[in-house]
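query_24.pdb follows; it contains PDB, C-alpha atoms, pLDDT in the B column.
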```pdb
MODEL        1
ATOM      1  CA  MET A  63      -0.973  -6.673  -9.939  1.00 64.00           C
ATOM      2  CA  ASP A  64      -3.529  -6.573  -7.185  1.00 74.00           C
ATOM      3  CA  LEU A  65      -3.444  -3.121  -5.581  1.00 82.00           C
ATOM      4  CA  LYS A  66      -7.038  -2.816  -4.392  1.00 80.00           C
ATOM      5  CA  ASP A  67      -6.264  -2.586  -0.670  1.00 82.00           C
ATOM      6  CA  ILE A  68      -3.361  -0.119  -0.953  1.00 91.00           C
ATOM      7  CA  ILE A  69      -3.923   3.640  -0.617  1.00 92.00           C
ATOM      8  CA  SER A  70      -1.851   6.806  -0.651  1.00 93.00           C
ATOM      9  CA  ILE A  71      -2.664   9.749   1.602  1.00 93.00           C
ATOM     10  CA  SER A  72      -1.729  13.249   0.513  1.00 91.00           C
ATOM     11  CA  GLY A  73       0.738  14.805   2.952  1.00 89.00           C
ATOM     12  CA  LYS A  74       1.855  11.443   4.346  1.00 90.00           C
ATOM     13  CA  SER A  75       4.835   9.559   2.965  1.00 88.00           C
ATOM     14  CA  GLY A  76       4.515   5.875   2.221  1.00 91.00           C
ATOM     15  CA  LEU A  77       1.598   3.599   1.453  1.00 94.00           C
ATOM     16  CA  PHE A  78      -1.242   2.433   3.671  1.00 94.00           C
ATOM     17  CA  SER A  79      -3.994  -0.146   3.922  1.00 92.00           C
ATOM     18  CA  THR A  80      -7.387   0.317   5.558  1.00 89.00           C
ATOM     19  CA  VAL A  81      -7.920  -1.873   8.603  1.00 90.00           C
ATOM     20  CA  GLY A  82     -11.137  -0.622  10.138  1.00 88.00           C
ATOM     21  CA  LYS A  83     -13.407   2.271  10.853  1.00 85.00           C
ATOM     22  CA  SER A  84     -14.694   4.103  13.854  1.00 82.00           C
ATOM     23  CA  LYS A  85     -17.410   6.678  14.385  1.00 83.00           C
ATOM     24  CA  ASN A  86     -15.884   9.627  12.508  1.00 86.00           C
ATOM     25  CA  ASN A  87     -12.873   8.203  10.701  1.00 90.00           C
ATOM     26  CA  VAL A  88     -11.186   5.267   9.030  1.00 89.00           C
ATOM     27  CA  ILE A  89      -8.224   3.485  10.615  1.00 91.00           C
ATOM     28  CA  VAL A  90      -5.271   2.937   8.289  1.00 93.00           C
ATOM     29  CA  GLU A  91      -2.026   1.052   8.772  1.00 94.00           C
ATOM     30  CA  SER A  92       1.328   1.898   7.237  1.00 95.00           C
ATOM     31  CA  ILE A  93       2.535  -1.047   5.176  1.00 94.00           C
ATOM     32  CA  ILE A  94       6.148  -0.225   6.092  1.00 92.00           C
ATOM     33  CA  ASP A  95       6.156   0.073   9.888  1.00 93.00           C
ATOM     34  CA  LYS A  96       2.617  -1.209  10.670  1.00 93.00           C
ATOM     35  CA  LYS A  97       1.712   1.938  12.647  1.00 94.00           C
ATOM     36  CA  ARG A  98      -2.010   2.638  12.767  1.00 93.00           C
ATOM     37  CA  PHE A  99      -3.736   6.003  12.858  1.00 92.00           C
ATOM     38  CA  PRO A 100      -7.080   7.533  11.921  1.00 92.00           C
ATOM     39  CA  ILE A 101      -7.773   9.505   8.766  1.00 92.00           C
ATOM     40  CA  PHE A 102     -10.727  11.788   8.321  1.00 89.00           C
ATOM     41  CA  ASN A 103     -12.869  12.816   5.360  1.00 85.00           C
ATOM     42  CA  THR A 104     -10.736  15.960   5.001  1.00 89.00           C
ATOM     43  CA  ASN A 105      -7.710  13.872   3.973  1.00 90.00           C
ATOM     44  CA  LYS A 106      -7.089  13.421   0.246  1.00 91.00           C
ATOM     45  CA  ILE A 107      -6.921   9.683  -0.389  1.00 90.00           C
ATOM     46  CA  SER A 108      -6.013   7.839  -3.588  1.00 91.00           C
ATOM     47  CA  ALA A 109      -6.399   4.117  -4.143  1.00 90.00           C
ATOM     48  CA  LEU A 110      -3.452   2.745  -6.128  1.00 91.00           C
ATOM     49  CA  SER A 111      -5.843   0.586  -8.133  1.00 89.00           C
ATOM     50  CA  ASP A 112      -7.438   3.788  -9.517  1.00 91.00           C
ATOM     51  CA  ILE A 113      -4.235   5.629 -10.439  1.00 91.00           C
ATOM     52  CA  SER A 114      -3.098   5.683 -14.056  1.00 92.00           C
ATOM     53  CA  ILE A 115      -0.381   7.330 -16.142  1.00 92.00           C
ATOM     54  CA  TYR A 116      -1.224   9.541 -19.103  1.00 92.00           C
ATOM     55  CA  THR A 117       0.017   8.400 -22.510  1.00 92.00           C
ATOM     56  CA  TYR A 118      -0.530   9.901 -25.925  1.00 92.00           C
ATOM     57  CA  ASP A 119      -2.978   7.091 -26.759  1.00 90.00           C
ATOM     58  CA  GLU A 120      -4.785   6.218 -23.530  1.00 91.00           C
ATOM     59  CA  GLU A 121      -4.283   6.005 -19.790  1.00 91.00           C
ATOM     60  CA  VAL A 122      -2.272   3.056 -18.454  1.00 91.00           C
ATOM     61  CA  LEU A 123      -3.155   1.712 -15.016  1.00 92.00           C
ATOM     62  CA  LEU A 124      -0.454   1.761 -12.367  1.00 91.00           C
ATOM     63  CA  SER A 125      -0.953  -1.963 -11.835  1.00 90.00           C
ATOM     64  CA  ASP A 126      -0.084  -2.630 -15.498  1.00 92.00           C
ATOM     65  CA  ILE A 127       3.099  -0.574 -15.192  1.00 92.00           C
ATOM     66  CA  PHE A 128       4.052  -2.391 -11.980  1.00 92.00           C
ATOM     67  CA  ARG A 129       3.509  -5.707 -13.791  1.00 92.00           C
ATOM     68  CA  LYS A 130       5.872  -4.628 -16.595  1.00 92.00           C
ATOM     69  CA  ILE A 131       8.499  -3.523 -14.085  1.00 91.00           C
ATOM     70  CA  TYR A 132       8.126  -6.765 -12.117  1.00 91.00           C
ATOM     71  CA  GLU A 133       8.428  -8.966 -15.199  1.00 90.00           C
ATOM     72  CA  SER A 134      11.355  -7.087 -16.753  1.00 89.00           C
ATOM     73  CA  ASN A 135      13.288  -7.099 -13.448  1.00 87.00           C
ATOM     74  CA  ASP A 136      12.493 -10.775 -12.726  1.00 84.00           C
ATOM     75  CA  GLY A 137      10.694  -9.806  -9.525  1.00 83.00           C
ATOM     76  CA  LYS A 138      13.544  -7.689  -8.178  1.00 86.00           C
ATOM     77  CA  PRO A 139      13.501  -4.032  -7.070  1.00 87.00           C
ATOM     78  CA  THR A 140      13.871  -1.328  -9.690  1.00 90.00           C
ATOM     79  CA  ILE A 141      15.743   1.963  -9.895  1.00 88.00           C
ATOM     80  CA  ASP A 142      15.764   4.063  -6.723  1.00 89.00           C
ATOM     81  CA  HIS A 143      13.524   7.124  -6.882  1.00 90.00           C
ATOM     82  CA  THR A 144      16.355   9.308  -5.539  1.00 86.00           C
ATOM     83  CA  GLU A 145      18.495   8.746  -8.639  1.00 91.00           C
ATOM     84  CA  ASP A 146      19.037  11.528 -11.171  1.00 91.00           C
ATOM     85  CA  ILE A 147      15.683  12.492 -12.705  1.00 91.00           C
ATOM     86  CA  LYS A 148      16.992  11.926 -16.234  1.00 93.00           C
ATOM     87  CA  LYS A 149      17.785   8.285 -15.369  1.00 93.00           C
ATOM     88  CA  VAL A 150      14.403   7.839 -13.701  1.00 92.00           C
ATOM     89  CA  ARG A 151      12.523   9.327 -16.691  1.00 92.00           C
ATOM     90  CA  ALA A 152      14.542   7.117 -19.075  1.00 92.00           C
ATOM     91  CA  LYS A 153      13.650   4.061 -16.980  1.00 92.00           C
ATOM     92  CA  LEU A 154       9.937   4.910 -17.150  1.00 92.00           C
ATOM     93  CA  GLU A 155      10.265   5.334 -20.900  1.00 92.00           C
ATOM     94  CA  GLU A 156      11.495   1.717 -21.093  1.00 92.00           C
ATOM     95  CA  TYR A 157       8.244   0.515 -19.520  1.00 92.00           C
ATOM     96  CA  VAL A 158       5.839   3.079 -20.993  1.00 92.00           C
ATOM     97  CA  PRO A 159       7.477   4.436 -24.165  1.00 91.00           C
ATOM     98  CA  ASN A 160       4.568   6.709 -25.102  1.00 92.00           C
ATOM     99  CA  PHE A 161       3.882   8.365 -21.734  1.00 92.00           C
ATOM    100  CA  ASP A 162       2.806  11.987 -22.014  1.00 91.00           C
ATOM    101  CA  LYS A 163       5.950  13.952 -21.148  1.00 90.00           C
ATOM    102  CA  GLU A 164       4.006  17.156 -20.510  1.00 91.00           C
ATOM    103  CA  GLN A 165       1.317  15.775 -18.185  1.00 91.00           C
ATOM    104  CA  VAL A 166       3.436  13.273 -16.237  1.00 92.00           C
ATOM    105  CA  TYR A 167       5.545  15.295 -13.824  1.00 93.00           C
ATOM    106  CA  ASN A 168       8.905  14.342 -12.324  1.00 92.00           C
ATOM    107  CA  SER A 169       7.283  13.996  -8.897  1.00 92.00           C
ATOM    108  CA  ASP A 170       4.770  11.510 -10.337  1.00 92.00           C
ATOM    109  CA  ILE A 171       7.548   9.403 -11.838  1.00 92.00           C
ATOM    110  CA  LYS A 172       9.503   9.402  -8.581  1.00 93.00           C
ATOM    111  CA  LYS A 173       6.379   8.325  -6.658  1.00 93.00           C
ATOM    112  CA  LEU A 174       5.781   5.497  -9.117  1.00 92.00           C
ATOM    113  CA  PHE A 175       9.238   4.006  -8.556  1.00 93.00           C
ATOM    114  CA  GLN A 176       9.168   4.711  -4.818  1.00 93.00           C
ATOM    115  CA  TRP A 177       5.812   2.943  -4.475  1.00 93.00           C
ATOM    116  CA  TYR A 178       7.001  -0.024  -6.523  1.00 92.00           C
ATOM    117  CA  ASN A 179      10.064  -0.457  -4.303  1.00 92.00           C
ATOM    118  CA  ILE A 180       7.971  -0.091  -1.126  1.00 93.00           C
ATOM    119  CA  LEU A 181       5.533  -2.731  -2.362  1.00 91.00           C
ATOM    120  CA  HIS A 182       8.431  -4.993  -3.336  1.00 91.00           C
ATOM    121  CA  LYS A 183      10.142  -4.564   0.035  1.00 91.00           C
ATOM    122  CA  THR A 184       6.957  -5.386   1.956  1.00 90.00           C
ATOM    123  CA  LYS A 185       6.082  -8.270  -0.397  1.00 87.00           C
ATOM    124  CA  LYS A 186       2.766  -6.660  -1.389  1.00 84.00           C
ATOM    125  CA  LEU A 187       3.291  -7.112  -5.137  1.00 81.00           C
ATOM    126  CA  LYS A 188       0.692  -9.760  -5.905  1.00 70.00           C
ATOM    127  CA  LEU A 189       0.268 -11.011  -9.438  1.00 69.00           C
ATOM    128  CA  LYS A 190      -3.345 -11.709 -10.336  1.00 63.00           C
ATOM    129  CA  GLU A 191      -3.970 -15.290 -11.326  1.00 55.00           C
ATOM    130  CA  SER A 192      -5.463 -15.963 -14.725  1.00 43.00           C
ATOM    131  CA  LYS A 193      -9.225 -16.398 -14.576  1.00 42.00           C
ATOM    132  CA  LYS A 194      -9.532 -19.502 -16.720  1.00 40.00           C
ATOM    133  CA  GLU A 195     -12.405 -21.698 -15.736  1.00 39.00           C
ATOM    134  CA  ASP A 196     -10.812 -24.957 -16.840  1.00 41.00           C
ATOM    135  CA  SER A 197     -12.055 -28.065 -15.106  1.00 39.00           C
ATOM    136  CA  LYS A 198      -9.656 -30.359 -13.279  1.00 42.00           C
ATOM    137  CA  GLU A 199      -9.307 -33.980 -14.290  1.00 42.00           C
ATOM    138  CA  THR A 200      -8.790 -36.958 -11.996  1.00 40.00           C
ATOM    139  CA  LYS A 201      -6.386 -39.831 -12.697  1.00 42.00           C
ATOM    140  CA  ALA A 202      -9.215 -41.814 -14.288  1.00 46.00           C
ATOM    141  CA  GLY A 203      -9.927 -38.946 -16.684  1.00 46.00           C
ATOM    142  CA  ASP A 204     -13.245 -37.953 -15.113  1.00 48.00           C
ATOM    143  CA  LYS A 205     -13.852 -34.210 -15.011  1.00 45.00           C
ATOM    144  CA  VAL A 206     -14.370 -32.614 -11.644  1.00 45.00           C
ATOM    145  CA  GLU A 207     -16.193 -29.308 -11.315  1.00 46.00           C
ATOM    146  CA  LYS A 208     -14.008 -26.426 -10.282  1.00 44.00           C
ATOM    147  CA  THR A 209     -15.320 -24.310  -7.444  1.00 44.00           C
ATOM    148  CA  GLU A 210     -15.080 -20.592  -8.020  1.00 45.00           C
ATOM    149  CA  LYS A 211     -13.525 -18.408  -5.368  1.00 44.00           C
ATOM    150  CA  LYS A 212     -15.693 -15.499  -4.316  1.00 42.00           C
ATOM    151  CA  PRO A 213     -13.942 -12.170  -4.742  1.00 42.00           C
ATOM    152  CA  LYS A 214     -13.062 -10.339  -1.549  1.00 39.00           C
ATOM    153  CA  LYS A 215     -15.129  -7.313  -0.699  1.00 39.00           C
ATOM    154  CA  GLN A 216     -13.392  -4.265  -2.085  1.00 38.00           C
ATOM    155  CA  ILE A 217     -13.210  -1.391   0.362  1.00 39.00           C
ATOM    156  CA  THR A 218     -11.683   1.346  -1.768  1.00 37.00           C
ATOM    157  CA  LYS A 219     -13.363   1.444  -5.146  1.00 38.00           C
ATOM    158  CA  LYS A 220     -12.875   5.073  -6.084  1.00 42.00           C
ATOM    159  CA  SER A 221     -10.394   7.437  -4.444  1.00 45.00           C
ATOM    160  CA  ASN A 222     -11.982   9.498  -1.697  1.00 49.00           C
ATOM    161  CA  THR A 223     -15.627   8.661  -2.317  1.00 49.00           C
ATOM    162  CA  ALA A 224     -15.570   5.093  -0.998  1.00 49.00           C
ATOM    163  CA  ILE A 225     -13.630   6.053   2.118  1.00 50.00           C
ATOM    164  CA  ARG A 226     -15.837   9.088   2.753  1.00 50.00           C
ATOM    165  CA  LYS A 227     -18.953   6.939   2.542  1.00 50.00           C
ATOM    166  CA  GLN A 228     -17.553   4.826   5.372  1.00 48.00           C
ATOM    167  CA  ILE A 229     -17.082   7.860   7.616  1.00 50.00           C
ATOM    168  CA  PRO A 230     -20.381   8.826   9.192  1.00 47.00           C
ATOM    169  CA  LYS A 231     -21.217  12.529   9.090  1.00 48.00           C
ATOM    170  CA  LYS A 232     -21.490  14.131  12.486  1.00 46.00           C
ATOM    171  CA  ILE A 233     -25.127  14.630  13.322  1.00 42.00           C
ATOM    172  CA  GLN A 234     -25.769  18.075  14.698  1.00 41.00           C
ATOM    173  CA  THR A 235     -28.698  18.524  16.995  1.00 44.00           C
ATOM    174  CA  PRO A 236     -30.508  21.844  16.887  1.00 49.00           C
ATOM    175  CA  GLN A 237     -29.771  24.036  19.877  1.00 52.00           C
ATOM    176  CA  LYS A 238     -32.688  25.192  21.976  1.00 51.00           C
ATOM    177  CA  LYS A 239     -33.172  28.910  22.190  1.00 52.00           C
ATOM    178  CA  SER A 240     -33.489  30.298  25.644  1.00 51.00           C
ATOM    179  CA  GLY A 241     -36.133  32.869  26.311  1.00 50.00           C
TER     180      GLY A 241
ENDMDL
END
```

Show me this structure written as structure tokens.
Amino acid sequence: MDLKDIISISGKSGLFSTVGKSKNNVIVESIIDKKRFPIFNTNKISALSDISIYTYDEEVLLSDIFRKIYESNDGKPTIDHTEDIKKVRAKLEEYVPNFDKEQVYNSDIKKLFQWYNILHKTKKLKLKESKKEDSKETKAGDKVEKTEKKPKKQITKKSNTAIRKQIPKKIQTPQKKSG
């Protein structure tokens, strides 16, 4: 799954994408209703591409879990996050059987399924294409060189730090003392 442009903002429901920046903030757009508003460096921001779930062995990226859900549901929505928590936990256990039951809270599990269904509803679930560099062949059997696509510039690499670097700090000028 390609989640690099999708972010979550603490205190705001839903998911967002960054669309621009201004002098002291970053402009984000809700992926549900397309409303735009500014966020500041005081907001806690998490990029979905950086979020992972604790397991007893290692951490599993959210994108890998979304891929498992997508493939097992044949691209359809999954369980609603408002269902009974026992059903929701059991559903997560189908996809990630060894998730750490002490460190992964009920609220985290509900968010996971809510985010998946939001991304499904807005058609933002994008499967990454395989990166095979096979060459194409023409009808005559001659090989043609394949041109590589340049990766898009990634805006949100690490949670808050990448967004905060985009927000310029307010420059304070020293005040003149009278007297």

Exercise for the section: Go through A:Ile71, A:Leu65, A:Ile94, A:Val88 one by one, measure the shortest atom-to-atom distance of each to Leu124 (chain A) using only C-alpha atoms, and give the residue with the smallest value. Expected result: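 Closest candidate: A:Leu65.
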
Practice task
Considering only C-alpha atoms, return as a list in words whatever protein or nucleic-acid residues lie within 7 Å of Ser72 (chain A), sequence-local ones (same chain, fewer than 3 positions apart) excluded.
Solution key: Asn105, Lys106 and Ile107 of chain A

Handout entry: Shortest interatomic distance to Phe102 (chain A) - which of A:Lys188, A:Ser84, A:Glu121, A:Asp170, counting all atoms listed in the file
Key =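 Once distances to Phe102 (chain A) are computed over all atoms listed in the file, the minimum belongs to A:Ser84.
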
Just need the box for region 132-151 of chain A, edges along x, y and z, holding every atom the file lists for it with 8 Å tacked onto each side, so centre and edge lengths in Å to one decimal, as JSON.
```
{"center_x": 13.6, "center_y": 0.9, "center_z": -11.1, "size_x": 26.9, "size_y": 39.3, "size_z": 27.2}
```

Output of the PyMOL selection byres ((chain A and resi 151-162) around 10), listed as a compact mmCIF listing (two decimals) with C-alpha atoms, in the frame of the given file:
```txt
# COMPACT_ATOMS: atom_id res chain seq x y z
CA ILE A 115 -0.38 7.33 -16.14
CA TYR A 116 -1.22 9.54 -19.10
CA THR A 117 0.02 8.40 -22.51
CA TYR A 118 -0.53 9.90 -25.92
CA ASP A 119 -2.98 7.09 -26.76
CA GLU A 120 -4.78 6.22 -23.53
CA GLU A 121 -4.28 6.00 -19.79
CA VAL A 122 -2.27 3.06 -18.45
CA ASP A 126 -0.08 -2.63 -15.50
CA ILE A 127 3.10 -0.57 -15.19
CA PHE A 128 4.05 -2.39 -11.98
CA ARG A 129 3.51 -5.71 -13.79
CA LYS A 130 5.87 -4.63 -16.60
CA ILE A 131 8.50 -3.52 -14.08
CA SER A 134 11.36 -7.09 -16.75
CA THR A 140 13.87 -1.33 -9.69
CA ILE A 141 15.74 1.96 -9.90
CA ASP A 146 19.04 11.53 -11.17
CA ILE A 147 15.68 12.49 -12.70
CA LYS A 148 16.99 11.93 -16.23
CA LYS A 149 17.78 8.28 -15.37
CA VAL A 150 14.40 7.84 -13.70
CA LYS A 163 5.95 13.95 -21.15
CA GLU A 164 4.01 17.16 -20.51
CA GLN A 165 1.32 15.78 -18.18
CA VAL A 166 3.44 13.27 -16.24
CA TYR A 167 5.54 15.30 -13.82
CA ASN A 168 8.90 14.34 -12.32
CA ILE A 171 7.55 9.40 -11.84
CA LYS A 172 9.50 9.40 -8.58
CA LEU A 174 5.78 5.50 -9.12
CA PHE A 175 9.24 4.01 -8.56
```

Practice task
May I ask for the distance between CA of Ser70 (chain A) and CA of Ala109 (chain A), given in Å to one decimal place?
Solution key: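 Taking CA of Ser70 (chain A) as the start and CA of Ala109 (chain A) as the end point, the length is 6.3 Å.
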
Problem - Contacts of Leu77 (chain A) at 10 Å (only C-alpha atoms; same-chain gap of 2+ positions) as a ChimeraX atom specification - result: /A:68-71,74-75,79,90-94,109-110,176-177,180-181

Would you save the residues of that selection, restricted to C-alpha atoms, as a PDB file, keeping the file's coordinate frame?
```
ATOM      1  CA  ILE A  68      -3.361  -0.119  -0.953  1.00 91.00           C
ATOM      2  CA  ILE A  69      -3.923   3.640  -0.617  1.00 92.00           C
ATOM      3  CA  SER A  70      -1.851   6.806  -0.651  1.00 93.00           C
ATOM      4  CA  ILE A  71      -2.664   9.749   1.602  1.00 93.00           C
ATOM      5  CA  LYS A  74       1.855  11.443   4.346  1.00 90.00           C
ATOM      6  CA  SER A  75       4.835   9.559   2.965  1.00 88.00           C
ATOM      7  CA  SER A  79      -3.994  -0.146   3.922  1.00 92.00           C
ATOM      8  CA  VAL A  90      -5.271   2.937   8.289  1.00 93.00           C
ATOM      9  CA  GLU A  91      -2.026   1.052   8.772  1.00 94.00           C
ATOM     10  CA  SER A  92       1.328   1.898   7.237  1.00 95.00           C
ATOM     11  CA  ILE A  93       2.535  -1.047   5.176  1.00 94.00           C
ATOM     12  CA  ILE A  94       6.148  -0.225   6.092  1.00 92.00           C
ATOM     13  CA  ALA A 109      -6.399   4.117  -4.143  1.00 90.00           C
ATOM     14  CA  LEU A 110      -3.452   2.745  -6.128  1.00 91.00           C
ATOM     15  CA  GLN A 176       9.168   4.711  -4.818  1.00 93.00           C
ATOM     16  CA  TRP A 177       5.812   2.943  -4.475  1.00 93.00           C
ATOM     17  CA  ILE A 180       7.971  -0.091  -1.126  1.00 93.00           C
ATOM     18  CA  LEU A 181       5.533  -2.731  -2.362  1.00 91.00           C
TER      19      LEU A 181
END
```

Practice task
Mind giving me the straight-line distance from CA of Lys186 (chain A) to CA of Gly137 (chain A) in Å, one decimal?
Solution key: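 Interatomic distance here is 11.8 Å.
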
Problem - Atom-to-atom span, CA of Asp67 (chain A) and CA of Glu133 (chain A), Å - result: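 Separation of CA of Asp67 (chain A) and CA of Glu133 (chain A): 21.6 Å.
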
Handout entry: Nearest residue to Lys83 (chain A) from the set A:Lys138, A:His143, A:Arg98, A:His182 (distances using only C-alpha atoms)
Key =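 Ranked by minimum distance to Lys83 (chain A), first place goes to A:Arg98.
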